[in-house]
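Listing of input14.cif, mmCIF, C-alpha atoms and all ligand atoms
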```
data_start
#
loop_
_atom_site.label_atom_id
_atom_site.label_comp_id
_atom_site.auth_asym_id
_atom_site.auth_seq_id
_atom_site.Cartn_x
_atom_site.Cartn_y
_atom_site.Cartn_z
CA MET A 1 0.00 0.00 0.00
CA THR A 2 1.85 3.09 -1.22
CA ASP A 3 -0.71 5.91 -1.58
CA HIS A 4 -1.43 7.95 1.53
CA LEU A 5 -5.13 8.10 0.66
CA THR A 6 -7.11 5.41 -1.18
CA ILE A 7 -10.75 6.12 -2.02
CA VAL A 8 -12.65 2.93 -2.77
CA ARG A 9 -14.88 3.85 -5.69
CA HIS A 10 -16.41 0.42 -6.20
CA PRO A 11 -20.12 0.77 -7.14
CA LEU A 12 -21.27 -1.45 -4.26
CA VAL A 13 -19.35 0.67 -1.75
CA GLN A 14 -20.71 3.92 -3.20
CA HIS A 15 -24.29 2.64 -3.33
CA LYS A 16 -24.22 1.40 0.26
CA LEU A 17 -22.63 4.64 1.43
CA SER A 18 -25.40 6.70 -0.19
CA LEU A 19 -28.00 4.61 1.64
CA MET A 20 -26.12 5.22 4.90
CA ARG A 21 -25.96 8.96 4.34
CA ASP A 22 -29.76 9.21 3.94
CA LYS A 23 -31.11 10.56 7.22
CA ASP A 24 -34.22 8.39 6.88
CA THR A 25 -32.25 5.13 6.87
CA PRO A 26 -33.18 3.39 10.13
CA THR A 27 -30.63 2.15 12.68
CA VAL A 28 -31.08 -1.51 11.84
CA VAL A 29 -30.41 -0.90 8.13
CA PHE A 30 -27.55 1.50 8.86
CA ARG A 31 -25.87 -1.15 11.01
CA GLN A 32 -26.28 -3.86 8.38
CA LEU A 33 -24.88 -1.58 5.66
CA LEU A 34 -21.93 -0.68 7.87
CA ARG A 35 -21.18 -4.34 8.32
CA GLU A 36 -21.32 -4.96 4.56
CA ILE A 37 -19.27 -1.91 3.62
CA SER A 38 -16.66 -2.70 6.29
CA GLN A 39 -15.97 -5.98 4.51
CA LEU A 40 -15.56 -4.30 1.14
CA LEU A 41 -13.18 -1.73 2.67
CA ALA A 42 -11.30 -4.49 4.50
CA TYR A 43 -10.81 -6.27 1.18
CA GLU A 44 -9.05 -3.14 -0.08
CA VAL A 45 -6.96 -2.42 3.03
CA THR A 46 -5.66 -6.01 3.11
CA GLU A 47 -4.92 -6.03 -0.63
CA ASN A 48 -1.16 -6.59 -0.38
CA LEU A 49 -0.74 -8.72 2.73
CA ALA A 50 2.47 -10.71 2.93
CA MET A 51 2.11 -14.16 1.41
CA THR A 52 4.04 -17.39 1.47
CA THR A 53 3.30 -20.87 0.17
CA LYS A 54 2.51 -24.14 1.82
CA THR A 55 2.70 -27.62 0.35
CA ILE A 56 -0.75 -29.18 0.25
CA GLN A 57 -2.30 -32.19 -1.38
CA THR A 58 -5.35 -31.50 -3.52
CA PRO A 59 -7.48 -34.49 -4.58
CA MET A 60 -5.47 -34.36 -7.83
CA CYS A 61 -1.84 -33.69 -6.88
CA GLU A 62 0.56 -31.91 -4.58
CA MET A 63 0.86 -28.15 -4.98
CA GLU A 64 2.52 -25.10 -3.46
CA ALA A 65 -0.54 -23.16 -2.33
CA PRO A 66 -0.45 -19.45 -1.40
CA VAL A 67 -1.28 -18.64 2.23
CA LEU A 68 -0.94 -15.57 4.44
CA ASP A 69 2.47 -15.08 6.01
CA GLY A 70 3.55 -13.62 9.35
CA ARG A 71 1.82 -12.87 12.62
CA LYS A 72 -1.95 -12.53 12.88
CA MET A 73 -3.01 -8.98 12.08
CA ALA A 74 -4.32 -6.64 14.76
CA LEU A 75 -7.53 -4.65 14.38
CA VAL A 76 -7.78 -1.66 16.68
CA SER A 77 -11.15 -0.01 17.19
CA ILE A 78 -11.21 3.64 18.14
CA LEU A 79 -14.14 3.80 20.57
CA ARG A 80 -16.97 3.93 20.27
CA ALA A 81 -17.87 4.16 16.59
CA GLY A 82 -14.95 1.98 15.50
CA ASN A 83 -16.79 -0.99 16.97
CA GLY A 84 -19.34 -0.73 14.16
CA LEU A 85 -16.62 -1.70 11.67
CA LEU A 86 -15.16 -4.55 13.70
CA ASP A 87 -17.64 -7.39 13.30
CA GLY A 88 -17.72 -7.30 9.52
CA ILE A 89 -13.93 -7.27 9.26
CA LEU A 90 -13.63 -10.10 11.78
CA GLU A 91 -15.88 -12.23 9.58
CA LEU A 92 -13.29 -11.85 6.82
CA VAL A 93 -10.25 -12.17 9.07
CA PRO A 94 -11.48 -14.32 11.97
CA SER A 95 -8.01 -14.90 13.40
CA ALA A 96 -7.22 -11.20 13.81
CA ARG A 97 -6.30 -9.94 17.28
CA VAL A 98 -8.40 -7.02 18.49
CA GLY A 99 -7.53 -3.92 20.49
CA PHE A 100 -9.47 -0.87 21.70
CA VAL A 101 -8.46 2.74 22.18
CA GLY A 102 -10.77 5.21 23.95
CA LEU A 103 -10.14 8.95 23.73
CA TYR A 104 -12.21 11.96 24.76
CA ARG A 105 -11.65 15.62 24.03
CA ASP A 106 -10.65 17.80 26.98
CA GLU A 107 -12.97 20.80 26.69
CA LYS A 108 -10.35 23.19 28.08
CA THR A 109 -7.31 22.14 26.09
CA LEU A 110 -9.30 20.64 23.17
CA GLN A 111 -6.70 17.88 23.13
CA PRO A 112 -7.61 14.18 23.02
CA VAL A 113 -7.19 12.41 26.39
CA GLN A 114 -6.87 8.64 26.64
CA TYR A 115 -9.37 6.88 28.94
CA TYR A 116 -8.92 3.31 27.72
CA CYS A 117 -6.26 1.36 25.89
CA LYS A 118 -6.03 -2.40 25.55
CA LEU A 119 -3.89 -3.68 22.73
CA PRO A 120 -2.72 -7.08 21.47
CA ASN A 121 0.88 -8.01 22.28
CA GLU A 122 3.80 -7.97 19.83
CA LEU A 123 2.29 -5.15 17.78
CA ASP A 124 5.71 -4.57 16.21
CA GLU A 125 5.38 -7.89 14.36
CA ARG A 126 1.81 -7.37 13.13
CA LEU A 127 0.01 -5.42 10.49
CA VAL A 128 -2.16 -3.08 12.58
CA ILE A 129 -5.40 -1.76 11.10
CA ALA A 130 -6.96 1.09 13.09
CA VAL A 131 -10.67 1.54 12.39
CA ASP A 132 -12.92 4.55 12.94
CA PRO A 133 -15.81 5.39 10.58
CA MET A 134 -15.28 9.15 10.57
CA LEU A 135 -11.95 10.89 9.94
CA ALA A 136 -13.07 14.41 10.83
CA THR A 137 -10.52 16.79 12.43
CA GLY A 138 -8.05 13.91 12.60
CA ASN A 139 -7.00 14.87 16.14
CA SER A 140 -8.24 11.72 17.87
CA SER A 141 -7.15 9.51 14.97
CA ALA A 142 -3.64 10.97 15.07
CA ALA A 143 -3.56 10.54 18.87
CA ALA A 144 -4.72 6.92 18.55
CA ILE A 145 -1.95 6.24 16.03
CA ASP A 146 0.54 7.85 18.47
CA LEU A 147 -0.55 5.28 21.07
CA LEU A 148 -0.14 2.42 18.61
CA LYS A 149 3.35 3.58 17.73
CA GLN A 150 4.24 3.95 21.43
CA ALA A 151 3.13 0.32 21.82
CA GLY A 152 5.57 -0.66 19.09
CA ALA A 153 3.40 -0.79 15.97
CA LYS A 154 5.38 -0.12 12.80
CA ASP A 155 3.09 -1.21 9.99
CA ILE A 156 -0.19 0.65 10.50
CA ARG A 157 -3.13 1.34 8.18
CA PHE A 158 -6.19 3.44 8.91
CA LEU A 159 -9.61 2.38 7.68
CA CYS A 160 -12.56 4.78 7.74
CA LEU A 161 -15.87 5.18 6.01
CA LEU A 162 -15.73 8.93 5.40
CA ALA A 163 -12.89 11.41 5.51
CA ALA A 164 -12.78 15.22 5.58
CA PRO A 165 -9.90 17.05 3.86
CA GLU A 166 -8.91 18.51 7.27
CA GLY A 167 -8.57 15.03 8.78
CA VAL A 168 -6.57 13.67 5.87
CA ALA A 169 -4.20 16.67 6.08
CA ARG A 170 -3.80 16.26 9.86
CA MET A 171 -2.99 12.55 9.46
CA LYS A 172 -0.58 13.22 6.62
CA GLU A 173 1.26 15.74 8.76
CA ALA A 174 1.35 13.57 11.91
CA HIS A 175 1.64 10.11 10.34
CA PRO A 176 2.70 10.23 6.68
CA ASP A 177 3.64 6.55 6.96
CA VAL A 178 0.05 5.45 7.70
CA PRO A 179 -2.04 4.83 4.55
CA ILE A 180 -5.73 5.72 4.79
CA VAL A 181 -8.47 3.73 3.07
CA THR A 182 -11.92 5.31 2.87
CA ALA A 183 -15.14 5.17 0.86
CA ALA A 184 -15.31 8.94 0.27
CA LEU A 185 -13.50 12.22 0.74
CA ASP A 186 -16.22 14.74 1.63
CA ASP A 187 -16.24 18.52 1.22
CA ARG A 188 -15.47 19.98 4.64
CA LEU A 189 -16.13 20.12 8.37
CA ASP A 190 -18.84 22.31 9.85
CA GLU A 191 -18.21 24.58 12.87
CA LYS A 192 -18.87 21.68 15.26
CA GLY A 193 -16.43 19.38 13.52
CA TYR A 194 -19.03 17.30 11.68
CA ILE A 195 -18.29 16.09 8.17
CA VAL A 196 -20.37 17.74 5.39
CA PRO A 197 -22.28 16.28 3.58
CA GLY A 198 -21.35 13.34 5.84
CA LEU A 199 -23.90 11.12 7.54
CA GLY A 200 -24.28 12.75 10.94
CA ASP A 201 -23.00 11.20 14.15
CA ALA A 202 -21.86 7.71 13.16
CA GLY A 203 -22.05 6.39 16.73
CA ASP A 204 -25.59 7.65 17.23
CA ARG A 205 -26.70 6.28 13.89
CA MET A 206 -25.26 2.80 14.43
CA PHE A 207 -26.22 2.44 18.09
CA GLY A 208 -29.56 4.27 17.94
CA THR A 209 -28.55 6.85 20.58
CA LYS A 210 -29.33 10.52 20.34
N1 LIG B 1 -17.88 12.03 14.08
C1 LIG B 1 -19.08 11.67 13.57
O1 LIG B 1 -19.71 10.72 14.05
N2 LIG B 1 -19.58 12.36 12.54
C2 LIG B 1 -18.93 13.39 11.97
O2 LIG B 1 -19.43 13.97 11.00
C3 LIG B 1 -17.68 13.75 12.51
C4 LIG B 1 -17.18 13.06 13.56
#
```

Rewrite the structure from the file as structure tokens, please.
Amino acid sequence: MTDHLTIVRHPLVQHKLSLMRDKDTPTVVFRQLLREISQLLAYEVTENLAMTTKTIQTPMCEMEAPVLDGRKMALVSILRAGNGLLDGILELVPSARVGFVGLYRDEKTLQPVQYYCKLPNELDERLVIAVDPMLATGNSSAAAIDLLKQAGAKDIRFLCLLAAPEGVARMKEAHPDVPIVTAALDDRLDEKGYIVPGLGDAGDRMFGTK
């Protein structure tokens, strides 16, 4: 993965995303679409995983069959909305290890503060995929990647559903080595830091809170 930003323009991804953006799409449908789209995005973000071969016996003959190489990958959900992407990806990569990072924004300093962090071991030997549906200001995403690097992660990718130009720029400045895979690059952030046109609060929409 060489590009800093990959926008997945596949028609199925774009169609599902449009359904998710619609404010009248109910929670149950939103959640199902998120699960489906997470798998299509995961397909893209795992495109060039390291491979090796293994000798197997088919019913016809022996062959050198391609299989994944290296340690199990780590998925890291940035709480709470990241959890909406986890289940779908885990269906594709059931052996992945899973971590969680929780950050809130200090209202005085406006800086992200960590309130939870539980990560798989030996992160330095794993591909680490951080997931959060919305890359908005990029402050919490950049802080989450800082934590992953402090824990030893070296090969990190960031998967999101929607990105704002501000968030992409912030990530490029803080973590130029972390490729971003997303379904769309939207126009801008509003004054409250929401992505426009966006889809609203991803956590509220997937969990039915308001
Ligand atoms: N988080 C969200 O859930 N939505 C946005 O638009 C921005 C950040």

Can you list every residue of chain A that has an atom at most 7 Å from ligand LIG 1 (chain B), with its nearest atom pair and the distance in Å to one decimal, using all atoms listed in the file, ordered by chain then number, as a Markdown table?
```
| residue | atom | partner | partner_atom | distance |
| --- | --- | --- | --- | --- |
| A:Met134 | CA | B:LIG1 | N1 | 5.2 |
| A:Leu135 | CA | B:LIG1 | C4 | 6.7 |
| A:Ala136 | CA | B:LIG1 | C3 | 5.0 |
| A:Gly193 | CA | B:LIG1 | C3 | 5.9 |
| A:Tyr194 | CA | B:LIG1 | O2 | 3.4 |
| A:Ile195 | CA | B:LIG1 | O2 | 3.7 |
| A:Val196 | CA | B:LIG1 | O2 | 6.8 |
| A:Gly198 | CA | B:LIG1 | O2 | 5.5 |
| A:Leu199 | CA | B:LIG1 | O2 | 6.3 |
| A:Gly200 | CA | B:LIG1 | N2 | 5.0 |
| A:Asp201 | CA | B:LIG1 | O1 | 3.3 |
| A:Ala202 | CA | B:LIG1 | O1 | 3.8 |
| A:Gly203 | CA | B:LIG1 | O1 | 5.6 |
```

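Between CA of Arg188 in chain A and CA of Leu162 in chain A lies a distance of 11.1 Å.
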
Could you jot down the CA of Pro120 in chain A to CA of Val101 in chain A separation for me, Å, one decimal place? 11.4 Å

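Relative to CA of Lys149 in chain A, CA of Thr109 in chain A is found at 23.0 Å.
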
Can you tell me which residues surround range 72-82 of chain A at a distance of at most 7 Å, considering all atoms listed in the file, apart from same-chain residues fewer than 3 positions away, and format the answer as a PyMOL selection string? chain A and resi 85-86+95-102+120+126-133+202-203

Axis-aligned box over every listed atom of range 96-111 of chain A, padded by 4 Å per side: centre and edges in Å to one decimal, as lines of an AutoDock Vina configuration file?
```
center_x = -9.6
center_y = 6.0
center_z = 20.9
size_x = 14.7
size_y = 42.4
size_z = 22.3
```

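Among the candidates A:Val67, A:Ala183, A:Leu92, A:Leu34, the residue lying nearest to Ala164 in chain A is A:Ala183 (atoms considered: all atoms listed in the file).
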
Residues within 12 Å of Leu33 in chain A, please, as a ChimeraX atom specification. Count all atoms listed in the file; anything in the same chain fewer than 6 positions from it doesn't count. /A:12-22,25-27,39-40,84-85,88,161,205-206

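Proximity ranking of A:Glu64, A:Lys108, A:Val29, A:Thr137 relative to Ala169 in chain A places A:Thr137 first, based on all atoms listed in the file.
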
Which residue is closest to Pro165 in chain A? Choose from A:Gln150, A:Thr182, A:Thr46, A:Thr209 and count all atoms listed in the file. A:Thr182

Please list as an MDAnalysis selection string every residue within 7 Å of range 142-146 of chain A, counting all atoms listed in the file and excluding residues in the same chain fewer than 6 positions away. chainID A and resid 101 112 171 174

Could the residues of range 105-197 of chain A that have an atom at most 9 Å from range 4-8 of chain A be listed as CSV, each with its closest atom pair and the distance in Å to one decimal, counting only C-alpha atoms and ordered by chain and ascending residue number?
```
residue,atom,partner,partner_atom,distance
A:Val168,CA,A:Leu5,CA,7.8
A:Lys172,CA,A:His4,CA,7.4
A:Pro176,CA,A:His4,CA,7.0
A:Asp177,CA,A:His4,CA,7.6
A:Val178,CA,A:His4,CA,6.8
A:Pro179,CA,A:His4,CA,4.4
A:Ile180,CA,A:Leu5,CA,4.8
A:Val181,CA,A:Thr6,CA,4.8
A:Thr182,CA,A:Ile7,CA,5.1
A:Ala183,CA,A:Val8,CA,4.9
A:Ala184,CA,A:Ile7,CA,5.8
A:Leu185,CA,A:Ile7,CA,7.2
```

Write out, as a tab-separated table (two decimals), in the coordinates of the input, the residues just selected, with C-alpha atoms.
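That gives us out12.tsv:
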```
chain	number	residue	atom	x	y	z
A	168	VAL	CA	-6.57	13.67	5.87
A	172	LYS	CA	-0.58	13.22	6.62
A	176	PRO	CA	2.70	10.23	6.68
A	177	ASP	CA	3.64	6.55	6.96
A	178	VAL	CA	0.05	5.45	7.70
A	179	PRO	CA	-2.04	4.83	4.55
A	180	ILE	CA	-5.73	5.72	4.79
A	181	VAL	CA	-8.47	3.73	3.07
A	182	THR	CA	-11.92	5.31	2.87
A	183	ALA	CA	-15.14	5.17	0.86
A	184	ALA	CA	-15.31	8.94	0.27
A	185	LEU	CA	-13.50	12.22	0.74
```

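With distances taken over all atoms listed in the file, A:Leu147 is the one residue among A:Leu147, A:His10, A:Lys23, A:Asp87 lying closest to Tyr116 in chain A.
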
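Among A:Glu173, A:Thr52, A:Phe30, A:Glu166, the residue with the shortest atom-to-atom distance to Asp186 in chain A, counting all atoms listed in the file, is A:Glu166.
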
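Taking all atoms listed in the file into account, Ala42 in chain A lies nearest to A:Glu91 out of the set A:Ile156, A:Glu91, A:Leu119, A:Asp3.
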
Would you mind putting all heavy atoms back on range 39-50 of chain A and writing the result as a PDB file, in the frame of the given file?
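The resulting rebuild_25.pdb:
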```
ATOM      1  N   GLN A  39     -16.640  -4.831   5.137  1.00  0.00           N
ATOM      2  CA  GLN A  39     -15.970  -5.980   4.510  1.00  0.00           C
ATOM      3  C   GLN A  39     -15.376  -5.581   3.166  1.00  0.00           C
ATOM      4  O   GLN A  39     -14.282  -6.029   2.805  1.00  0.00           O
ATOM      5  CB  GLN A  39     -16.962  -7.121   4.346  1.00  0.00           C
ATOM      6  CG  GLN A  39     -17.481  -7.587   5.699  1.00  0.00           C
ATOM      7  CD  GLN A  39     -18.258  -8.871   5.633  1.00  0.00           C
ATOM      8  OE1 GLN A  39     -18.856  -9.196   4.625  1.00  0.00           O
ATOM      9  NE2 GLN A  39     -18.266  -9.599   6.728  1.00  0.00           N
ATOM     10  N   LEU A  40     -16.084  -4.731   2.438  1.00  0.00           N
ATOM     11  CA  LEU A  40     -15.560  -4.300   1.140  1.00  0.00           C
ATOM     12  C   LEU A  40     -14.317  -3.409   1.347  1.00  0.00           C
ATOM     13  O   LEU A  40     -13.355  -3.484   0.586  1.00  0.00           O
ATOM     14  CB  LEU A  40     -16.640  -3.549   0.360  1.00  0.00           C
ATOM     15  CG  LEU A  40     -17.842  -4.433  -0.024  1.00  0.00           C
ATOM     16  CD1 LEU A  40     -19.014  -3.587  -0.489  1.00  0.00           C
ATOM     17  CD2 LEU A  40     -17.448  -5.419  -1.106  1.00  0.00           C
ATOM     18  N   LEU A  41     -14.350  -2.583   2.384  1.00  0.00           N
ATOM     19  CA  LEU A  41     -13.180  -1.730   2.670  1.00  0.00           C
ATOM     20  C   LEU A  41     -12.018  -2.583   3.188  1.00  0.00           C
ATOM     21  O   LEU A  41     -10.850  -2.322   2.870  1.00  0.00           O
ATOM     22  CB  LEU A  41     -13.540  -0.643   3.684  1.00  0.00           C
ATOM     23  CG  LEU A  41     -14.566   0.397   3.217  1.00  0.00           C
ATOM     24  CD1 LEU A  41     -14.926   1.347   4.359  1.00  0.00           C
ATOM     25  CD2 LEU A  41     -14.050   1.193   2.027  1.00  0.00           C
ATOM     26  N   ALA A  42     -12.351  -3.610   3.973  1.00  0.00           N
ATOM     27  CA  ALA A  42     -11.300  -4.490   4.500  1.00  0.00           C
ATOM     28  C   ALA A  42     -10.606  -5.240   3.375  1.00  0.00           C
ATOM     29  O   ALA A  42      -9.392  -5.470   3.411  1.00  0.00           O
ATOM     30  CB  ALA A  42     -11.896  -5.481   5.503  1.00  0.00           C
ATOM     31  N   TYR A  43     -11.373  -5.604   2.361  1.00  0.00           N
ATOM     32  CA  TYR A  43     -10.810  -6.270   1.180  1.00  0.00           C
ATOM     33  C   TYR A  43      -9.727  -5.386   0.576  1.00  0.00           C
ATOM     34  O   TYR A  43      -8.644  -5.865   0.204  1.00  0.00           O
ATOM     35  CB  TYR A  43     -11.969  -6.499   0.204  1.00  0.00           C
ATOM     36  CG  TYR A  43     -11.636  -7.206  -1.066  1.00  0.00           C
ATOM     37  CD1 TYR A  43     -11.482  -8.581  -1.107  1.00  0.00           C
ATOM     38  CD2 TYR A  43     -11.512  -6.479  -2.250  1.00  0.00           C
ATOM     39  CE1 TYR A  43     -11.191  -9.223  -2.295  1.00  0.00           C
ATOM     40  CE2 TYR A  43     -11.222  -7.113  -3.437  1.00  0.00           C
ATOM     41  CZ  TYR A  43     -11.065  -8.480  -3.456  1.00  0.00           C
ATOM     42  OH  TYR A  43     -10.782  -9.110  -4.638  1.00  0.00           O
ATOM     43  N   GLU A  44      -9.996  -4.095   0.514  1.00  0.00           N
ATOM     44  CA  GLU A  44      -9.050  -3.140  -0.080  1.00  0.00           C
ATOM     45  C   GLU A  44      -7.827  -2.936   0.826  1.00  0.00           C
ATOM     46  O   GLU A  44      -6.695  -2.935   0.360  1.00  0.00           O
ATOM     47  CB  GLU A  44      -9.789  -1.810  -0.277  1.00  0.00           C
ATOM     48  CG  GLU A  44      -9.053  -0.802  -1.091  1.00  0.00           C
ATOM     49  CD  GLU A  44      -9.044  -1.138  -2.572  1.00  0.00           C
ATOM     50  OE1 GLU A  44      -9.978  -1.815  -3.041  1.00  0.00           O
ATOM     51  OE2 GLU A  44      -8.079  -0.728  -3.248  1.00  0.00           O
ATOM     52  N   VAL A  45      -8.079  -2.769   2.128  1.00  0.00           N
ATOM     53  CA  VAL A  45      -6.960  -2.420   3.030  1.00  0.00           C
ATOM     54  C   VAL A  45      -6.012  -3.607   3.221  1.00  0.00           C
ATOM     55  O   VAL A  45      -4.851  -3.423   3.589  1.00  0.00           O
ATOM     56  CB  VAL A  45      -7.503  -1.866   4.374  1.00  0.00           C
ATOM     57  CG1 VAL A  45      -7.892  -2.951   5.337  1.00  0.00           C
ATOM     58  CG2 VAL A  45      -6.528  -0.904   5.019  1.00  0.00           C
ATOM     59  N   THR A  46      -6.498  -4.822   2.948  1.00  0.00           N
ATOM     60  CA  THR A  46      -5.660  -6.010   3.110  1.00  0.00           C
ATOM     61  C   THR A  46      -5.101  -6.490   1.767  1.00  0.00           C
ATOM     62  O   THR A  46      -4.559  -7.592   1.672  1.00  0.00           O
ATOM     63  CB  THR A  46      -6.463  -7.162   3.744  1.00  0.00           C
ATOM     64  OG1 THR A  46      -7.646  -7.379   2.958  1.00  0.00           O
ATOM     65  CG2 THR A  46      -6.857  -6.868   5.168  1.00  0.00           C
ATOM     66  N   GLU A  47      -5.225  -5.645   0.753  1.00  0.00           N
ATOM     67  CA  GLU A  47      -4.920  -6.030  -0.630  1.00  0.00           C
ATOM     68  C   GLU A  47      -3.527  -6.650  -0.787  1.00  0.00           C
ATOM     69  O   GLU A  47      -3.366  -7.640  -1.496  1.00  0.00           O
ATOM     70  CB  GLU A  47      -5.060  -4.764  -1.481  1.00  0.00           C
ATOM     71  CG  GLU A  47      -4.315  -4.763  -2.765  1.00  0.00           C
ATOM     72  CD  GLU A  47      -3.999  -3.351  -3.206  1.00  0.00           C
ATOM     73  OE1 GLU A  47      -3.276  -2.646  -2.469  1.00  0.00           O
ATOM     74  OE2 GLU A  47      -4.479  -2.965  -4.262  1.00  0.00           O
ATOM     75  N   ASN A  48      -2.521  -6.089  -0.124  1.00  0.00           N
ATOM     76  CA  ASN A  48      -1.160  -6.590  -0.380  1.00  0.00           C
ATOM     77  C   ASN A  48      -0.526  -7.187   0.875  1.00  0.00           C
ATOM     78  O   ASN A  48       0.611  -6.893   1.203  1.00  0.00           O
ATOM     79  CB  ASN A  48      -0.280  -5.484  -0.967  1.00  0.00           C
ATOM     80  CG  ASN A  48      -0.259  -4.285  -0.054  1.00  0.00           C
ATOM     81  OD1 ASN A  48      -0.950  -4.266   0.969  1.00  0.00           O
ATOM     82  ND2 ASN A  48       0.534  -3.287  -0.377  1.00  0.00           N
ATOM     83  N   LEU A  49      -1.291  -8.035   1.562  1.00  0.00           N
ATOM     84  CA  LEU A  49      -0.740  -8.720   2.730  1.00  0.00           C
ATOM     85  C   LEU A  49       0.412  -9.633   2.300  1.00  0.00           C
ATOM     86  O   LEU A  49       0.398 -10.158   1.177  1.00  0.00           O
ATOM     87  CB  LEU A  49      -1.803  -9.584   3.401  1.00  0.00           C
ATOM     88  CG  LEU A  49      -2.975  -8.861   4.057  1.00  0.00           C
ATOM     89  CD1 LEU A  49      -3.857  -9.863   4.778  1.00  0.00           C
ATOM     90  CD2 LEU A  49      -2.473  -7.811   5.024  1.00  0.00           C
ATOM     91  N   ALA A  50       1.340  -9.832   3.233  1.00  0.00           N
ATOM     92  CA  ALA A  50       2.470 -10.710   2.930  1.00  0.00           C
ATOM     93  C   ALA A  50       1.974 -12.141   2.725  1.00  0.00           C
ATOM     94  O   ALA A  50       1.113 -12.618   3.471  1.00  0.00           O
ATOM     95  CB  ALA A  50       3.473 -10.652   4.072  1.00  0.00           C
TER      96      ALA A  50
END
```
